[in-house]
Amino acid sequence: VQLQASGGGSVQTGGSLRLSCAASGRTLSSYAVGWFRQAPGKEREFVVAISWSGARTYYADSVKGRFTISRDNAKNTVYLQMNSLKPEDTAVYYCAADQDPWPYGNNRYLFEYTYDYWGQGTQVTVSS
């Protein structure tokens with residue numbers, strides 16, 4: 001499956017953006033999807049993830065209550081709605097897909113090595 005992340009841009013503190021992760025080649029409904037981000041000079045970090053059905057979602061503490069992940073399997077797309085953006089959210093955002101099951105209670109969604117396919121990244125810049 002090929003992933004295309006889009007929707008990044010520049011906003012001021014408190015603004016909103018919606019990122020999209022569109023899949024081609026195969027149906028995204030067979031995959032769990034995560035978003036990671038990498039700020040300049042920092043390691044890539046987990047942001048949020050959603051199970052293949054959309055029934056389970058997981059958020060990093062830093063984005064809870066501000067970011068919402070959702071998926072539209074009919075459109076082969078996963079969305080990341082980002083509200084109340086802060087300068088520390090500035091990063092390149094990557095979506096990734098995992099073809100393996102996510103058992104309940106397993107935190108595999110946190111780790112980059114879990115994911116089999118990665119998109120190219122989209123830049124999000126939040127100015128103060």
# chains A, B, ... in the order shown; residues from 1 in each chain; ligands from 1
>>> closest_atom_pairs(of="region 10-60 of chain A", to="region 76-91 of chain A", cutoff="6 Å", atoms="only C-alpha atoms", output="CSV")
residue,atom,partner,partner_atom,distance
A:Thr13,CA,A:Lys86,CA,5.1
A:Gly14,CA,A:Ser84,CA,4.1
A:Gly15,CA,A:Leu85,CA,5.4
A:Ser16,CA,A:Asn83,CA,4.4
A:Leu17,CA,A:Met82,CA,5.2
A:Arg18,CA,A:Gln81,CA,4.4
A:Leu19,CA,A:Leu80,CA,4.9
A:Ser20,CA,A:Tyr79,CA,4.6
A:Cys21,CA,A:Val78,CA,5.1
A:Ala22,CA,A:Thr77,CA,4.4
A:Ala23,CA,A:Asn76,CA,5.7
A:Leu28,CA,A:Asn76,CA,5.2
A:Arg37,CA,A:Ala91,CA,5.8
A:Gln38,CA,A:Ala91,CA,5.1
A:Ala39,CA,A:Ala91,CA,4.2
>>> residues_around(residues="Tyr109 (chain A)", least_positions_apart="5", cutoff="9 Å", atoms="only C-alpha atoms", output="JSON, numbers by chain")
{"A": [32, 33, 34, 46, 48, 49, 50, 51, 58, 98, 102, 114, 115]}
>>> closest_residue(among="A:Tyr94, A:Gln99, A:Lys42, A:Arg26", to="Gln120 (chain A)", atoms="only C-alpha atoms")
A:Tyr94
>>> atom_distance(atom1="CA of Pro101 (chain A)", atom2="CA of Ser30 (chain A)")
9.4 Å
>>> closest_residue(among="A:Lys64, A:Ser53, A:Gly41, A:Gln12", to="Ser29 (chain A)", atoms="only C-alpha atoms")
A:Ser53
>>> closest_residue(among="A:Ala55, A:Val124, A:Ala97, A:Ile69", to="Ser6 (chain A)", atoms="only C-alpha atoms")
A:Val124
>>> closest_residue(among="A:Leu3, A:Tyr93, A:Val63, A:Ser24", to="Thr122 (chain A)", atoms="only C-alpha atoms")
A:Tyr93
>>> select_by_dssp(residues="chain A", states="strand (DSSP E or B)", output="VMD selection string")
chain A and resid 2 to 6 9 to 12 17 to 24 32 to 38 45 to 50 57 to 59 67 to 72 77 to 82 91 to 98 117 to 118 122 to 127
>>> write_last_selection(atoms="C-alpha atoms", output="PDB file, in the first residue's frame")
ATOM      1  CA  GLN A   2       1.238   3.531  -0.778  1.00  0.00           C
ATOM      2  CA  LEU A   3       0.449   6.321   1.654  1.00  0.00           C
ATOM      3  CA  GLN A   4       0.163  10.015   0.856  1.00  0.00           C
ATOM      4  CA  ALA A   5       0.056  12.470   3.737  1.00  0.00           C
ATOM      5  CA  SER A   6      -1.304  15.948   3.079  1.00  0.00           C
ATOM      6  CA  GLY A   9       0.632  24.158   6.571  1.00  0.00           C
ATOM      7  CA  SER A  10       1.401  27.172   8.707  1.00  0.00           C
ATOM      8  CA  VAL A  11      -0.985  28.388  11.376  1.00  0.00           C
ATOM      9  CA  GLN A  12      -0.860  30.553  14.443  1.00  0.00           C
ATOM     10  CA  LEU A  17      -5.392  21.861  10.636  1.00  0.00           C
ATOM     11  CA  ARG A  18      -6.682  18.583   9.287  1.00  0.00           C
ATOM     12  CA  LEU A  19      -4.172  16.125   7.944  1.00  0.00           C
ATOM     13  CA  SER A  20      -5.138  13.344   5.588  1.00  0.00           C
ATOM     14  CA  CYS A  21      -3.453  10.032   4.922  1.00  0.00           C
ATOM     15  CA  ALA A  22      -4.718   8.602   1.669  1.00  0.00           C
ATOM     16  CA  ALA A  23      -3.908   5.090   0.580  1.00  0.00           C
ATOM     17  CA  SER A  24      -3.528   3.633  -2.859  1.00  0.00           C
ATOM     18  CA  ALA A  32      -4.183   0.001  11.502  1.00  0.00           C
ATOM     19  CA  VAL A  33      -2.774   3.492  11.021  1.00  0.00           C
ATOM     20  CA  GLY A  34      -0.568   5.676  13.155  1.00  0.00           C
ATOM     21  CA  TRP A  35       0.687   9.229  12.949  1.00  0.00           C
ATOM     22  CA  PHE A  36       4.173  10.151  14.082  1.00  0.00           C
ATOM     23  CA  ARG A  37       5.956  13.476  14.022  1.00  0.00           C
ATOM     24  CA  GLN A  38       9.512  14.678  13.969  1.00  0.00           C
ATOM     25  CA  GLU A  45       7.663  10.399  18.163  1.00  0.00           C
ATOM     26  CA  PHE A  46       4.280   8.730  18.333  1.00  0.00           C
ATOM     27  CA  VAL A  47       1.262  11.023  18.117  1.00  0.00           C
ATOM     28  CA  VAL A  48      -1.903   8.989  17.601  1.00  0.00           C
ATOM     29  CA  ALA A  49      -3.131   5.704  16.176  1.00  0.00           C
ATOM     30  CA  ILE A  50      -6.341   4.011  15.130  1.00  0.00           C
ATOM     31  CA  THR A  57      -7.773   4.996  19.209  1.00  0.00           C
ATOM     32  CA  TYR A  58      -4.640   5.895  21.106  1.00  0.00           C
ATOM     33  CA  TYR A  59      -3.200   9.321  21.790  1.00  0.00           C
ATOM     34  CA  PHE A  67      -6.161  16.005  18.285  1.00  0.00           C
ATOM     35  CA  THR A  68      -8.687  13.535  16.923  1.00  0.00           C
ATOM     36  CA  ILE A  69      -7.977  10.646  14.597  1.00  0.00           C
ATOM     37  CA  SER A  70     -10.676   9.132  12.423  1.00  0.00           C
ATOM     38  CA  ARG A  71     -10.927   7.013   9.341  1.00  0.00           C
ATOM     39  CA  ASP A  72     -13.207   6.705   6.354  1.00  0.00           C
ATOM     40  CA  THR A  77      -8.326   7.752   4.090  1.00  0.00           C
ATOM     41  CA  VAL A  78      -7.382   8.431   7.697  1.00  0.00           C
ATOM     42  CA  TYR A  79      -7.735  11.935   9.091  1.00  0.00           C
ATOM     43  CA  LEU A  80      -5.983  13.780  11.890  1.00  0.00           C
ATOM     44  CA  GLN A  81      -7.900  16.786  13.111  1.00  0.00           C
ATOM     45  CA  MET A  82      -5.574  19.061  15.067  1.00  0.00           C
ATOM     46  CA  ALA A  91       7.040  19.062  13.051  1.00  0.00           C
ATOM     47  CA  VAL A  92       6.899  16.917   9.976  1.00  0.00           C
ATOM     48  CA  TYR A  93       3.959  14.563  10.387  1.00  0.00           C
ATOM     49  CA  TYR A  94       4.084  11.060   8.979  1.00  0.00           C
ATOM     50  CA  CYS A  95       1.336   8.496   8.632  1.00  0.00           C
ATOM     51  CA  ALA A  96       2.101   4.801   8.694  1.00  0.00           C
ATOM     52  CA  ALA A  97       0.158   1.580   8.252  1.00  0.00           C
ATOM     53  CA  ASP A  98       0.430  -1.738  10.062  1.00  0.00           C
ATOM     54  CA  TYR A 117       4.348   1.300   5.246  1.00  0.00           C
ATOM     55  CA  TRP A 118       5.093   4.993   5.618  1.00  0.00           C
ATOM     56  CA  THR A 122       3.722  16.781   5.661  1.00  0.00           C
ATOM     57  CA  GLN A 123       5.066  19.887   7.404  1.00  0.00           C
ATOM     58  CA  VAL A 124       3.081  21.543  10.175  1.00  0.00           C
ATOM     59  CA  THR A 125       4.331  24.882  11.456  1.00  0.00           C
ATOM     60  CA  VAL A 126       2.698  26.671  14.373  1.00  0.00           C
ATOM     61  CA  SER A 127       3.828  30.195  15.105  1.00  0.00           C
TER      62      SER A 127
END
>>> atom_distance(atom1="CA of Val1 (chain A)", atom2="CA of Gly121 (chain A)")
15.5 Å
>>> select_by_dssp(residues="region 4-100 of chain A", states="helix (DSSP H, G or I)", output="VMD selection string")
chain A and resid 28 to 30 87 to 89
>>> write_last_selection(atoms="all heavy atoms", output="mmCIF file, in the first residue's frame")
data_model
loop_
_atom_site.group_PDB
_atom_site.id
_atom_site.type_symbol
_atom_site.label_atom_id
_atom_site.label_comp_id
_atom_site.auth_asym_id
_atom_site.auth_seq_id
_atom_site.Cartn_x
_atom_site.Cartn_y
_atom_site.Cartn_z
ATOM 1 N N LEU A 28 -7.171 0.513 2.612
ATOM 2 C CA LEU A 28 -6.623 0.875 3.909
ATOM 3 C C LEU A 28 -7.394 0.235 5.059
ATOM 4 O O LEU A 28 -6.908 0.193 6.183
ATOM 5 C CB LEU A 28 -6.642 2.402 4.049
ATOM 6 C CG LEU A 28 -5.797 3.016 5.152
ATOM 7 C CD1 LEU A 28 -4.334 2.641 5.026
ATOM 8 C CD2 LEU A 28 -5.956 4.528 5.162
ATOM 9 N N SER A 29 -8.580 -0.270 4.784
ATOM 10 C CA SER A 29 -9.402 -0.856 5.843
ATOM 11 C C SER A 29 -8.765 -2.097 6.464
ATOM 12 O O SER A 29 -9.163 -2.524 7.536
ATOM 13 C CB SER A 29 -10.797 -1.220 5.302
ATOM 14 O OG SER A 29 -10.693 -2.191 4.270
ATOM 15 N N SER A 30 -7.755 -2.647 5.804
ATOM 16 C CA SER A 30 -7.075 -3.826 6.333
ATOM 17 C C SER A 30 -5.935 -3.471 7.277
ATOM 18 O O SER A 30 -5.274 -4.358 7.825
ATOM 19 C CB SER A 30 -6.510 -4.668 5.183
ATOM 20 O OG SER A 30 -7.534 -5.079 4.312
ATOM 21 N N PRO A 87 3.019 25.957 19.385
ATOM 22 C CA PRO A 87 4.316 25.950 18.690
ATOM 23 C C PRO A 87 5.057 24.618 18.820
ATOM 24 O O PRO A 87 5.750 24.196 17.879
ATOM 25 C CB PRO A 87 5.074 27.087 19.375
ATOM 26 C CG PRO A 87 4.001 28.033 19.793
ATOM 27 C CD PRO A 87 2.859 27.156 20.216
ATOM 28 N N GLU A 88 4.894 23.934 19.930
ATOM 29 C CA GLU A 88 5.577 22.648 20.114
ATOM 30 C C GLU A 88 4.983 21.534 19.258
ATOM 31 O O GLU A 88 5.536 20.431 19.226
ATOM 32 C CB GLU A 88 5.584 22.237 21.588
ATOM 33 C CG GLU A 88 4.234 22.267 22.262
ATOM 34 C CD GLU A 88 4.008 23.576 23.030
ATOM 35 O OE1 GLU A 88 4.351 24.663 22.497
ATOM 36 O OE2 GLU A 88 3.460 23.491 24.154
ATOM 37 N N ASP A 89 3.905 21.797 18.573
ATOM 38 C CA ASP A 89 3.365 20.829 17.609
ATOM 39 C C ASP A 89 4.055 20.930 16.250
ATOM 40 O O ASP A 89 3.800 20.106 15.365
ATOM 41 C CB ASP A 89 1.863 21.044 17.415
ATOM 42 C CG ASP A 89 1.054 20.754 18.670
ATOM 43 O OD1 ASP A 89 1.339 19.753 19.350
ATOM 44 O OD2 ASP A 89 0.134 21.550 18.955
#
>>> atom_distance(atom1="CA of Leu110 (chain A)", atom2="CA of Arg44 (chain A)")
11.1 Å
>>> closest_residue(among="A:Trp52, A:Tyr113, A:Gly105, A:Pro40", to="Asn73 (chain A)", atoms="only C-alpha atoms")
A:Trp52
>>> decode(residues="region 64-99 of chain A", atoms="N, CA, C and O atoms", output="JSON list (two decimals), in the first residue's frame")
[["chain", "number", "residue", "atom", "x", "y", "z"],
["A", 64, "LYS", "N", -3.70, 14.75, 23.67],
["A", 64, "LYS", "CA", -5.03, 14.35, 24.13],
["A", 64, "LYS", "C", -5.91, 15.57, 24.34],
["A", 64, "LYS", "O", -5.48, 16.56, 24.92],
["A", 65, "GLY", "N", -7.13, 15.47, 23.86],
["A", 65, "GLY", "CA", -8.07, 16.57, 24.01],
["A", 65, "GLY", "C", -7.95, 17.63, 22.93],
["A", 65, "GLY", "O", -8.80, 18.51, 22.82],
["A", 66, "ARG", "N", -6.89, 17.57, 22.14],
["A", 66, "ARG", "CA", -6.70, 18.57, 21.06],
["A", 66, "ARG", "C", -6.73, 17.92, 19.68],
["A", 66, "ARG", "O", -7.21, 18.53, 18.73],
["A", 67, "PHE", "N", -6.22, 16.71, 19.57],
["A", 67, "PHE", "CA", -6.16, 16.01, 18.29],
["A", 67, "PHE", "C", -7.20, 14.89, 18.27],
["A", 67, "PHE", "O", -7.47, 14.26, 19.30],
["A", 68, "THR", "N", -7.73, 14.63, 17.09],
["A", 68, "THR", "CA", -8.69, 13.54, 16.92],
["A", 68, "THR", "C", -8.36, 12.78, 15.64],
["A", 68, "THR", "O", -8.26, 13.39, 14.57],
["A", 69, "ILE", "N", -8.22, 11.49, 15.77],
["A", 69, "ILE", "CA", -7.98, 10.65, 14.60],
["A", 69, "ILE", "C", -9.28, 9.96, 14.21],
["A", 69, "ILE", "O", -10.08, 9.58, 15.07],
["A", 70, "SER", "N", -9.49, 9.83, 12.92],
["A", 70, "SER", "CA", -10.68, 9.13, 12.42],
["A", 70, "SER", "C", -10.33, 8.50, 11.08],
["A", 70, "SER", "O", -9.28, 8.79, 10.51],
["A", 71, "ARG", "N", -11.18, 7.64, 10.63],
["A", 71, "ARG", "CA", -10.93, 7.01, 9.34],
["A", 71, "ARG", "C", -12.23, 6.86, 8.57],
["A", 71, "ARG", "O", -13.30, 6.66, 9.16],
["A", 72, "ASP", "N", -12.09, 6.95, 7.26],
["A", 72, "ASP", "CA", -13.21, 6.70, 6.35],
["A", 72, "ASP", "C", -12.73, 5.62, 5.40],
["A", 72, "ASP", "O", -12.05, 5.92, 4.40],
["A", 73, "ASN", "N", -13.04, 4.40, 5.74],
["A", 73, "ASN", "CA", -12.53, 3.29, 4.94],
["A", 73, "ASN", "C", -13.12, 3.29, 3.52],
["A", 73, "ASN", "O", -12.49, 2.79, 2.59],
["A", 74, "ALA", "N", -14.29, 3.87, 3.37],
["A", 74, "ALA", "CA", -14.87, 3.96, 2.02],
["A", 74, "ALA", "C", -14.04, 4.87, 1.13],
["A", 74, "ALA", "O", -13.98, 4.69, -0.09],
["A", 75, "LYS", "N", -13.38, 5.86, 1.76],
["A", 75, "LYS", "CA", -12.54, 6.79, 1.00],
["A", 75, "LYS", "C", -11.06, 6.41, 1.09],
["A", 75, "LYS", "O", -10.20, 7.15, 0.60],
["A", 76, "ASN", "N", -10.79, 5.30, 1.80],
["A", 76, "ASN", "CA", -9.40, 4.84, 1.90],
["A", 76, "ASN", "C", -8.50, 5.90, 2.53],
["A", 76, "ASN", "O", -7.34, 6.06, 2.13],
["A", 77, "THR", "N", -9.03, 6.61, 3.52],
["A", 77, "THR", "CA", -8.33, 7.75, 4.09],
["A", 77, "THR", "C", -8.47, 7.78, 5.61],
["A", 77, "THR", "O", -9.54, 7.45, 6.14],
["A", 78, "VAL", "N", -7.38, 8.16, 6.26],
["A", 78, "VAL", "CA", -7.38, 8.43, 7.70],
["A", 78, "VAL", "C", -7.13, 9.92, 7.89],
["A", 78, "VAL", "O", -6.31, 10.51, 7.17],
["A", 79, "TYR", "N", -7.84, 10.50, 8.85],
["A", 79, "TYR", "CA", -7.73, 11.93, 9.09],
["A", 79, "TYR", "C", -7.17, 12.20, 10.48],
["A", 79, "TYR", "O", -7.40, 11.43, 11.42],
["A", 80, "LEU", "N", -6.45, 13.30, 10.60],
["A", 80, "LEU", "CA", -5.98, 13.78, 11.89],
["A", 80, "LEU", "C", -6.42, 15.23, 12.02],
["A", 80, "LEU", "O", -5.85, 16.11, 11.37],
["A", 81, "GLN", "N", -7.44, 15.43, 12.83],
["A", 81, "GLN", "CA", -7.90, 16.79, 13.11],
["A", 81, "GLN", "C", -7.10, 17.33, 14.28],
["A", 81, "GLN", "O", -7.08, 16.74, 15.36],
["A", 82, "MET", "N", -6.44, 18.46, 14.06],
["A", 82, "MET", "CA", -5.57, 19.06, 15.07],
["A", 82, "MET", "C", -6.13, 20.43, 15.43],
["A", 82, "MET", "O", -6.17, 21.32, 14.58],
["A", 83, "ASN", "N", -6.56, 20.57, 16.65],
["A", 83, "ASN", "CA", -7.10, 21.83, 17.15],
["A", 83, "ASN", "C", -6.20, 22.39, 18.25],
["A", 83, "ASN", "O", -5.35, 21.67, 18.79],
["A", 84, "SER", "N", -6.41, 23.65, 18.57],
["A", 84, "SER", "CA", -5.65, 24.30, 19.63],
["A", 84, "SER", "C", -4.15, 24.05, 19.47],
["A", 84, "SER", "O", -3.46, 23.70, 20.43],
["A", 85, "LEU", "N", -3.67, 24.27, 18.29],
["A", 85, "LEU", "CA", -2.28, 23.98, 17.99],
["A", 85, "LEU", "C", -1.34, 24.89, 18.76],
["A", 85, "LEU", "O", -1.65, 26.06, 19.02],
["A", 86, "LYS", "N", -0.19, 24.31, 19.11],
["A", 86, "LYS", "CA", 0.83, 25.02, 19.88],
["A", 86, "LYS", "C", 2.13, 25.01, 19.09],
["A", 86, "LYS", "O", 2.34, 24.13, 18.25],
["A", 87, "PRO", "N", 3.02, 25.96, 19.38],
["A", 87, "PRO", "CA", 4.32, 25.95, 18.69],
["A", 87, "PRO", "C", 5.06, 24.62, 18.82],
["A", 87, "PRO", "O", 5.75, 24.20, 17.88],
["A", 88, "GLU", "N", 4.89, 23.93, 19.93],
["A", 88, "GLU", "CA", 5.58, 22.65, 20.11],
["A", 88, "GLU", "C", 4.98, 21.53, 19.26],
["A", 88, "GLU", "O", 5.54, 20.43, 19.23],
["A", 89, "ASP", "N", 3.91, 21.80, 18.57],
["A", 89, "ASP", "CA", 3.36, 20.83, 17.61],
["A", 89, "ASP", "C", 4.05, 20.93, 16.25],
["A", 89, "ASP", "O", 3.80, 20.11, 15.37],
["A", 90, "THR", "N", 4.90, 21.92, 16.09],
["A", 90, "THR", "CA", 5.62, 22.10, 14.84],
["A", 90, "THR", "C", 6.50, 20.89, 14.56],
["A", 90, "THR", "O", 7.33, 20.51, 15.40],
["A", 91, "ALA", "N", 6.31, 20.28, 13.39],
["A", 91, "ALA", "CA", 7.04, 19.06, 13.05],
["A", 91, "ALA", "C", 6.62, 18.62, 11.65],
["A", 91, "ALA", "O", 5.65, 19.13, 11.09],
["A", 92, "VAL", "N", 7.36, 17.65, 11.15],
["A", 92, "VAL", "CA", 6.90, 16.92, 9.98],
["A", 92, "VAL", "C", 6.08, 15.74, 10.48],
["A", 92, "VAL", "O", 6.55, 14.98, 11.34],
["A", 93, "TYR", "N", 4.87, 15.61, 9.96],
["A", 93, "TYR", "CA", 3.96, 14.56, 10.39],
["A", 93, "TYR", "C", 3.92, 13.44, 9.35],
["A", 93, "TYR", "O", 3.76, 13.71, 8.15],
["A", 94, "TYR", "N", 4.06, 12.24, 9.84],
["A", 94, "TYR", "CA", 4.08, 11.06, 8.98],
["A", 94, "TYR", "C", 2.94, 10.13, 9.35],
["A", 94, "TYR", "O", 2.69, 9.90, 10.54],
["A", 95, "CYS", "N", 2.29, 9.57, 8.34],
["A", 95, "CYS", "CA", 1.34, 8.50, 8.63],
["A", 95, "CYS", "C", 1.98, 7.17, 8.24],
["A", 95, "CYS", "O", 2.87, 7.11, 7.37],
["A", 96, "ALA", "N", 1.53, 6.12, 8.90],
["A", 96, "ALA", "CA", 2.10, 4.80, 8.69],
["A", 96, "ALA", "C", 1.01, 3.76, 8.88],
["A", 96, "ALA", "O", 0.07, 3.97, 9.65],
["A", 97, "ALA", "N", 1.17, 2.63, 8.21],
["A", 97, "ALA", "CA", 0.16, 1.58, 8.25],
["A", 97, "ALA", "C", 0.76, 0.26, 8.71],
["A", 97, "ALA", "O", 1.89, -0.09, 8.33],
["A", 98, "ASP", "N", 0.00, -0.45, 9.51],
["A", 98, "ASP", "CA", 0.43, -1.74, 10.06],
["A", 98, "ASP", "C", -0.57, -2.81, 9.66],
["A", 98, "ASP", "O", -1.76, -2.66, 9.91],
["A", 99, "GLN", "N", -0.10, -3.85, 9.04],
["A", 99, "GLN", "CA", -1.00, -4.89, 8.55],
["A", 99, "GLN", "C", -1.28, -5.98, 9.57],
["A", 99, "GLN", "O", -2.11, -6.87, 9.32]]
